[in-house]
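What follows is the content of structure34.txt (compact mmCIF, C-alpha atoms).
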# COMPACT_ATOMS: atom_id res chain seq x y z
CA MET A 1 15.40 126.96 62.94
CA LYS A 2 18.78 126.52 61.36
CA GLY A 3 21.03 127.20 64.33
CA VAL A 4 21.19 127.80 68.05
CA ILE A 5 23.72 129.50 70.32
CA LEU A 6 24.51 127.87 73.67
CA TRP A 7 26.07 129.98 76.42
CA ALA A 8 28.58 128.29 78.75
CA GLY A 9 29.44 130.39 81.81
CA ASN A 10 30.38 133.70 80.23
CA ASP A 11 30.58 135.52 76.91
CA ARG A 12 33.96 133.96 76.09
CA HIS A 13 32.58 130.43 76.01
CA ILE A 14 30.06 130.24 73.15
CA ILE A 15 29.23 127.09 71.26
CA LEU A 16 27.54 127.56 67.91
CA LEU A 17 25.49 124.68 66.53
CA SER A 18 25.02 125.56 62.88
CA ASN A 19 22.85 122.67 61.87
CA PHE A 20 20.23 121.91 64.45
CA GLU A 21 18.24 119.70 62.07
CA ALA A 22 21.24 117.38 61.73
CA MET A 23 21.39 117.08 65.50
CA LYS A 24 17.74 116.12 65.59
CA ASP A 25 18.40 113.37 63.05
CA ILE A 26 21.23 111.97 65.19
CA LEU A 27 19.06 111.97 68.31
CA LYS A 28 16.23 110.33 66.38
CA ALA A 29 18.53 107.44 65.51
CA PHE A 30 18.69 106.56 69.19
CA GLU A 31 14.93 106.35 69.64
CA LEU A 32 14.06 102.94 71.03
CA THR A 33 10.88 101.08 71.76
CA SER A 34 10.20 100.31 75.38
CA SER A 35 10.93 96.62 74.74
CA GLN A 36 14.29 97.37 73.08
CA ALA A 37 15.27 99.78 75.83
CA LEU A 38 14.45 97.18 78.49
CA ASN A 39 16.37 94.41 76.70
CA TYR A 40 19.41 96.59 76.12
CA THR A 41 19.35 97.77 79.73
CA PHE A 42 19.26 94.19 81.08
CA PHE A 43 21.99 93.18 78.65
CA ALA A 44 24.24 96.06 79.75
CA LEU A 45 23.63 95.28 83.44
CA ALA A 46 24.39 91.58 82.85
CA VAL A 47 27.68 92.43 81.12
CA LEU A 48 28.70 94.80 83.92
CA ILE A 49 27.82 92.22 86.58
CA CYS A 50 29.89 89.58 84.79
CA ALA A 51 32.75 92.07 84.55
CA PHE A 52 32.45 92.76 88.29
CA ILE A 53 32.56 89.03 89.15
CA LEU A 54 35.50 88.44 86.81
CA LEU A 55 37.36 91.37 88.37
CA LYS A 56 36.81 89.98 91.88
CA ILE A 57 38.18 86.57 90.86
CA LEU A 58 41.22 88.02 89.07
CA ARG A 59 41.99 90.40 91.95
CA ALA A 60 41.87 87.53 94.44
CA PHE A 61 44.47 85.58 92.45
CA LEU A 62 46.54 88.72 91.86
CA ASN A 63 46.55 89.73 95.54
CA ARG A 64 47.61 86.26 96.57
CA TYR A 65 50.49 86.31 94.08
CA ILE A 66 51.54 89.85 95.04
CA ARG A 67 51.65 88.97 98.74
CA LYS A 68 53.81 85.94 98.06
CA SER A 69 56.12 87.88 95.74
CA SER A 70 56.36 90.75 98.23
CA ASP A 71 57.37 88.33 100.98
CA ASP A 72 60.05 86.85 98.71
CA LEU A 73 61.35 90.27 97.65
CA LYS A 74 60.88 91.75 101.15
CA VAL A 75 59.05 94.80 99.83
CA ASP A 76 55.80 96.53 100.79
CA PRO A 77 52.89 94.97 98.84
CA THR A 78 51.07 98.32 98.76
CA GLN A 79 53.56 99.40 96.09
CA TYR A 80 51.75 97.11 93.68
CA LYS A 81 48.21 98.36 94.28
CA PHE A 82 48.33 100.09 90.92
CA LEU A 83 48.00 96.63 89.36
CA ASN A 84 44.57 96.25 90.98
CA ASN A 85 43.48 99.64 89.69
CA ALA A 86 44.83 98.93 86.23
CA LEU A 87 43.07 95.57 86.18
CA GLY A 88 39.73 97.17 87.06
CA PHE A 89 40.16 99.82 84.38
CA ILE A 90 40.94 97.18 81.72
CA ILE A 91 38.03 94.89 82.68
CA TYR A 92 35.40 97.64 82.77
CA LEU A 93 36.73 99.27 79.62
CA GLY A 94 36.43 95.94 77.84
CA ALA A 95 32.90 95.47 79.17
CA ILE A 96 31.80 98.90 77.97
CA ALA A 97 33.39 98.31 74.59
CA PHE A 98 31.53 94.99 74.32
CA ILE A 99 28.23 96.70 75.15
CA PHE A 100 28.81 99.38 72.52
CA MET A 101 29.72 96.85 69.86
CA VAL A 102 26.76 94.52 70.51
CA ILE A 103 23.98 97.11 70.75
CA PRO A 104 23.33 98.31 67.14
CA LYS A 105 22.23 101.78 68.20
CA LEU A 106 25.58 102.36 69.94
CA LYS A 107 27.91 100.56 67.56
CA THR A 108 28.60 103.46 65.20
CA VAL A 109 29.14 105.92 68.01
CA GLY A 110 31.22 103.36 69.91
CA VAL A 111 33.56 102.75 67.01
CA THR A 112 34.16 106.49 66.68
CA LEU A 113 34.70 106.99 70.41
CA PHE A 114 37.06 104.07 70.83
CA ALA A 115 39.03 105.01 67.74
CA SER A 116 39.50 108.50 69.18
CA ALA A 117 40.41 107.00 72.56
CA GLY A 118 42.92 104.71 70.87
CA ILE A 119 44.64 107.64 69.17
CA PHE A 120 44.72 109.53 72.46
CA ALA A 121 46.10 106.49 74.29
CA ALA A 122 48.79 106.08 71.64
CA ILE A 123 49.88 109.70 72.12
CA ILE A 124 49.97 109.35 75.90
CA GLY A 125 51.78 106.01 75.65
CA PHE A 126 54.45 107.45 73.39
CA ALA A 127 54.97 110.42 75.70
CA SER A 128 55.16 108.15 78.76
CA GLN A 129 57.24 105.40 77.18
CA ALA A 130 60.07 105.61 79.71
CA ALA A 131 57.68 105.55 82.69
CA PHE A 132 55.75 102.55 81.37
CA SER A 133 59.01 100.79 80.57
CA ASN A 134 60.13 101.17 84.18
CA ILE A 135 56.80 99.89 85.47
CA ILE A 136 56.82 96.83 83.20
CA SER A 137 60.43 96.12 84.17
CA GLY A 138 59.46 96.40 87.84
CA ILE A 139 56.72 93.81 87.27
CA PHE A 140 59.26 91.49 85.61
CA ILE A 141 61.55 91.87 88.65
CA VAL A 142 58.62 90.82 90.85
CA ILE A 143 57.89 87.80 88.65
CA PHE A 144 61.38 86.49 87.87
CA LYS A 145 63.16 87.65 91.10
CA PRO A 146 66.72 88.21 89.81
CA PHE A 147 67.44 89.84 93.18
CA ARG A 148 65.70 90.67 96.45
CA VAL A 149 65.97 93.34 99.10
CA GLY A 150 69.07 92.51 101.15
CA ASP A 151 70.97 90.80 98.33
CA ILE A 152 74.47 91.98 97.49
CA VAL A 153 74.64 92.68 93.76
CA GLN A 154 76.85 94.24 91.14
CA VAL A 155 75.02 95.76 88.19
CA SER A 156 77.28 95.76 85.14
CA ASN A 157 79.96 98.42 85.69
CA HIS A 158 78.18 100.08 88.62
CA SER A 159 79.36 99.82 92.20
CA THR A 160 78.71 96.71 94.23
CA GLY A 161 76.22 97.12 97.07
CA THR A 162 73.18 95.87 98.95
CA VAL A 163 69.69 96.12 97.44
CA GLU A 164 67.86 98.46 99.80
CA ASP A 165 64.52 98.99 98.05
CA ILE A 166 62.63 97.85 94.95
CA THR A 167 59.87 100.17 93.73
CA LEU A 168 57.77 100.17 90.58
CA ARG A 169 60.01 102.78 88.98
CA HIS A 170 63.52 102.14 90.31
CA THR A 171 65.80 100.00 92.47
CA VAL A 172 67.91 101.49 95.26
CA ILE A 173 71.35 99.98 95.91
CA ARG A 174 73.45 101.03 98.92
CA ASP A 175 77.15 100.61 98.22
CA PHE A 176 79.87 99.91 100.77
CA GLU A 177 80.53 103.65 101.15
CA ASN A 178 76.89 104.05 102.31
CA LYS A 179 75.96 105.89 99.12
CA ARG A 180 72.65 105.21 97.39
CA LEU A 181 72.60 104.28 93.73
CA VAL A 182 69.12 104.74 92.19
CA ILE A 183 68.80 102.75 88.97
CA PRO A 184 65.62 102.80 86.82
CA ASN A 185 64.09 99.35 86.51
CA SER A 186 64.29 99.47 82.71
CA VAL A 187 68.06 100.00 82.98
CA ILE A 188 68.72 97.36 85.62
CA SER A 189 66.63 94.81 83.70
CA ALA A 190 68.81 95.31 80.62
CA GLU A 191 72.12 94.99 82.51
CA SER A 192 74.09 91.94 83.58
CA ILE A 193 73.51 91.44 87.30
CA HIS A 194 76.02 89.67 89.53
CA ASN A 195 73.97 88.48 92.52
CA TYR A 196 76.13 87.13 95.31
CA ASN A 197 73.12 85.79 97.25
CA LEU A 198 71.11 84.16 94.47
CA ILE A 199 71.94 80.56 95.38
CA ASP A 200 74.94 80.30 97.71
CA GLU A 201 76.33 83.23 99.66
CA LYS A 202 79.76 81.65 100.13
CA VAL A 203 82.56 83.37 98.26
CA ARG A 204 85.88 82.00 97.04
CA ASN A 205 88.41 84.80 97.06
CA HIS A 206 91.19 84.74 94.49
CA ILE A 207 94.05 86.64 96.14
CA PHE A 208 97.22 87.27 94.14
CA TYR A 209 100.77 87.71 95.41
CA GLY A 210 104.04 88.25 93.57
CA ILE A 211 107.38 87.18 95.04
CA SER A 212 110.88 87.62 93.70
CA TYR A 213 112.66 84.88 91.76
CA ASP A 214 115.18 84.53 94.62
CA SER A 215 112.48 83.84 97.25
CA ASP A 216 111.45 80.39 98.48
CA VAL A 217 108.19 79.53 96.74
CA ASP A 218 107.25 76.71 99.12
CA LEU A 219 107.82 78.94 102.16
CA ALA A 220 105.70 81.68 100.62
CA ILE A 221 102.87 79.20 99.96
CA LYS A 222 103.07 77.94 103.55
CA ILE A 223 102.88 81.49 104.95
CA ILE A 224 99.86 82.35 102.79
CA GLN A 225 98.02 79.19 103.88
CA GLU A 226 98.76 79.71 107.59
CA GLU A 227 97.70 83.37 107.62
CA ALA A 228 94.51 82.67 105.63
CA MET A 229 93.40 79.77 107.84
CA ALA A 230 94.14 81.77 110.99
CA HIS A 231 91.66 84.51 110.04
CA LYS A 232 88.28 84.51 111.80
CA ASN A 233 86.33 84.81 108.52
CA PHE A 234 87.98 81.79 106.88
CA ILE A 235 85.79 78.72 106.32
CA ASP A 236 86.91 75.27 105.29
CA ASN A 237 84.90 74.46 102.18
CA ARG A 238 86.46 71.08 101.49
CA SER A 239 84.29 68.02 101.04
CA GLN A 240 84.86 65.02 103.26
CA GLU A 241 86.53 63.24 100.36
CA GLU A 242 88.94 66.12 99.87
CA LYS A 243 89.77 66.10 103.57
CA ASP A 244 90.41 62.36 103.48
CA ASN A 245 92.70 62.85 100.48
CA GLY A 246 94.68 65.48 102.39
CA ASP A 247 93.87 68.36 100.04
CA PRO A 248 94.80 71.73 101.60
CA ALA A 249 92.05 74.00 102.93
CA VAL A 250 93.70 76.93 101.13
CA ILE A 251 94.94 76.10 97.65
CA VAL A 252 97.84 78.26 96.47
CA ARG A 253 98.92 77.87 92.86
CA LEU A 254 101.86 79.27 90.90
CA ILE A 255 100.04 81.06 88.10
CA ASN A 256 102.81 82.38 85.89
CA PHE A 257 106.23 84.00 85.73
CA GLY A 258 106.11 87.78 85.43
CA ASP A 259 108.77 90.23 84.31
CA SER A 260 110.05 90.65 87.86
CA SER A 261 108.02 88.24 90.01
CA VAL A 262 106.74 84.74 90.46
CA ASN A 263 102.95 85.13 90.68
CA LEU A 264 100.89 83.08 93.15
CA ARG A 265 97.13 82.82 93.55
CA ALA A 266 95.41 81.75 96.77
CA GLN A 267 91.85 80.41 96.91
CA VAL A 268 90.28 81.37 100.24
CA TRP A 269 86.62 80.74 101.15
CA SER A 270 84.41 83.04 103.26
CA LYS A 271 80.79 82.98 104.39
CA ASP A 272 79.60 86.00 102.37
CA PRO A 273 81.01 88.86 100.24
CA ILE A 274 81.33 91.33 103.13
CA LEU A 275 83.32 88.92 105.28
CA ALA A 276 85.34 87.97 102.21
CA PHE A 277 86.40 91.58 101.72
CA GLU A 278 87.45 91.86 105.38
CA LEU A 279 89.43 88.63 105.12
CA LYS A 280 91.24 89.73 101.98
CA THR A 281 92.33 93.09 103.37
CA ASP A 282 93.37 91.64 106.74
CA ILE A 283 95.50 88.80 105.39
CA ASN A 284 97.17 91.12 102.90
CA ARG A 285 98.52 93.01 105.90
CA THR A 286 99.51 89.95 107.93
CA ILE A 287 101.12 88.19 104.96
CA LYS A 288 103.17 91.30 104.19
CA LYS A 289 104.50 91.26 107.77
CA ARG A 290 105.30 87.52 107.60
CA PHE A 291 107.04 87.95 104.25
CA ASP A 292 109.22 90.71 105.73
CA LEU A 293 110.08 88.59 108.79
CA GLU A 294 110.94 85.43 106.86
CA GLY A 295 112.81 86.95 103.96
CA ILE A 296 110.21 86.64 101.20
CA GLU A 297 110.71 89.58 98.90
CA ILE A 298 107.82 91.30 97.15
CA PRO A 299 109.56 92.80 94.11
CA PHE A 300 108.75 95.94 92.21
CA PRO A 301 109.57 96.68 88.58
CA HIS A 302 113.07 97.91 87.79
CA ARG A 303 113.96 100.13 84.88
CA THR A 304 117.43 100.81 83.55
CA LEU A 305 118.04 104.24 82.04
CA VAL A 306 120.96 104.74 79.62
CA TYR A 307 122.21 108.28 79.00
CA LYS A 308 124.13 108.78 75.77
CA GLY A 309 127.16 111.06 75.95
CA GLN A 310 126.68 114.56 74.62
CA LYS A 311 128.79 115.40 71.57
CA GLU A 312 131.47 118.01 72.02
CA GLY A 313 131.16 121.37 70.21
Re-express the file's structure as structure tokens.
Amino acid sequence: MKGVILWAGNDRHIILLSNFEAMKDILKAFELTSSQALNYTFFALAVLICAFILLKILRAFLNRYIRKSSDDLKVDPTQYKFLNNALGFIIYLGAIAFIFMVIPKLKTVGVTLFASAGIFAAIIGFASQAAFSNIISGIFIVIFKPFRVGDIVQVSNHSTGTVEDITLRHTVIRDFENKRLVIPNSVISAESIHNYNLIDEKVRNHIFYGISYDSDVDLAIKIIQEEAMAHKNFIDNRSQEEKDNGDPAVIVRLINFGDSSVNLRAQVWSKDPILAFELKTDINRTIKKRFDLEGIEIPFPHRTLVYKGQKEG
């Protein structure tokens, strides 16, 4: 018999085996004695049992680390269950590969199968490169903790906002206009992140004012200091030594001389970035009123235009 036709469901699914004798030779290669079959069976079971025990140990350590990291990042630990599944897949795949490579009867077939699987995995990996990149970046965020849920961050040139959620694929940031900015983890990991809550939430505002050359600089500095210290969000960040030395709680410096103004910079401390923004906007208003009342002029640029006379005729 040189060939056989196998029917699979209907007449459109026909598999033709043109060399049945070759198939018999392949099957004959797998013929084992009862002793060999028993030894190989025990060996395979032992490898799988060792893989099972190793997986249990690794999952215990992984779950403990994930719970701790999830508490630090304030995210749901169930988002990282895929790591457990991936770990099981890797361990058992390695165990099966080891069995195939050790048992001589399976080695040739195993090499062929795993080579084909490797090519297939490479194709899938290339097609899913962006997705895997986001997942790996999400794992790095869990490990290195550049920010947590609730932190106020600025990602490169994006808007500043509060981290609302960290998933395996993306990070959600809610800006101060209550808009959500969804940034892939691979992007946010490659950007410069300004985290206002990483170590110390206190913020030193640099607030700039320009006054005219005719205005009293000392009076302007006094007004800025009084209005800043009177605000509810102001905090005195001086050390005890600075207080003993009489250093001012609000330092105002003359930065430079502009084209039409003398430029001052005030250093005002607040508890966190949100309160700092409120302080800055409020004292801008109150300082403007004080300047108007006490004769401190805030200049604006002047431009002189010269019109040349038109020629007659």
Neighbours of region 158-172 of chain A within 8 Å (all atoms listed in the file; same-chain residues fewer than 2 positions away dropped), as number ranges by chain?
-> A: 75, 79-80, 131, 134-135, 138-139, 147-156, 174-176, 180-185, 188
Considering only C-alpha atoms, return as a PyMOL selection string whatever protein or nucleic-acid residues lie within 7 Å of Arg204 (chain A), sequence-local ones (same chain, fewer than 6 positions apart) excluded.
-> chain A and resi 267-270
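Proximity ranking of A:Phe257, A:Tyr209, A:Tyr40, A:Phe144 relative to Ser189 (chain A) places A:Phe144 first, based on all atoms listed in the file.
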Provide the CA of Glu297 (chain A) to CA of Ser212 (chain A) distance in Å, to one decimal place.
->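 These atoms are spaced 5.6 Å apart.
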For CA of Asp216 (chain A) and CA of Arg253 (chain A), quote the distance in Å rounded to one decimal.
->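 Atom-to-atom, CA of Asp216 (chain A) to CA of Arg253 (chain A), that is 14.0 Å.
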Measure the distance from CA of Asn233 (chain A) to CA of Leu279 (chain A) in Å and round it to one decimal.
->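 Result for CA of Asn233 (chain A) versus CA of Leu279 (chain A): 6.0 Å, one decimal.
Here the question is which of A:Asn39, A:Ser215, A:Asn245, A:Asn63 gets nearest to Asn263 (chain A) using all atoms listed in the file, and that residue is A:Ser215.
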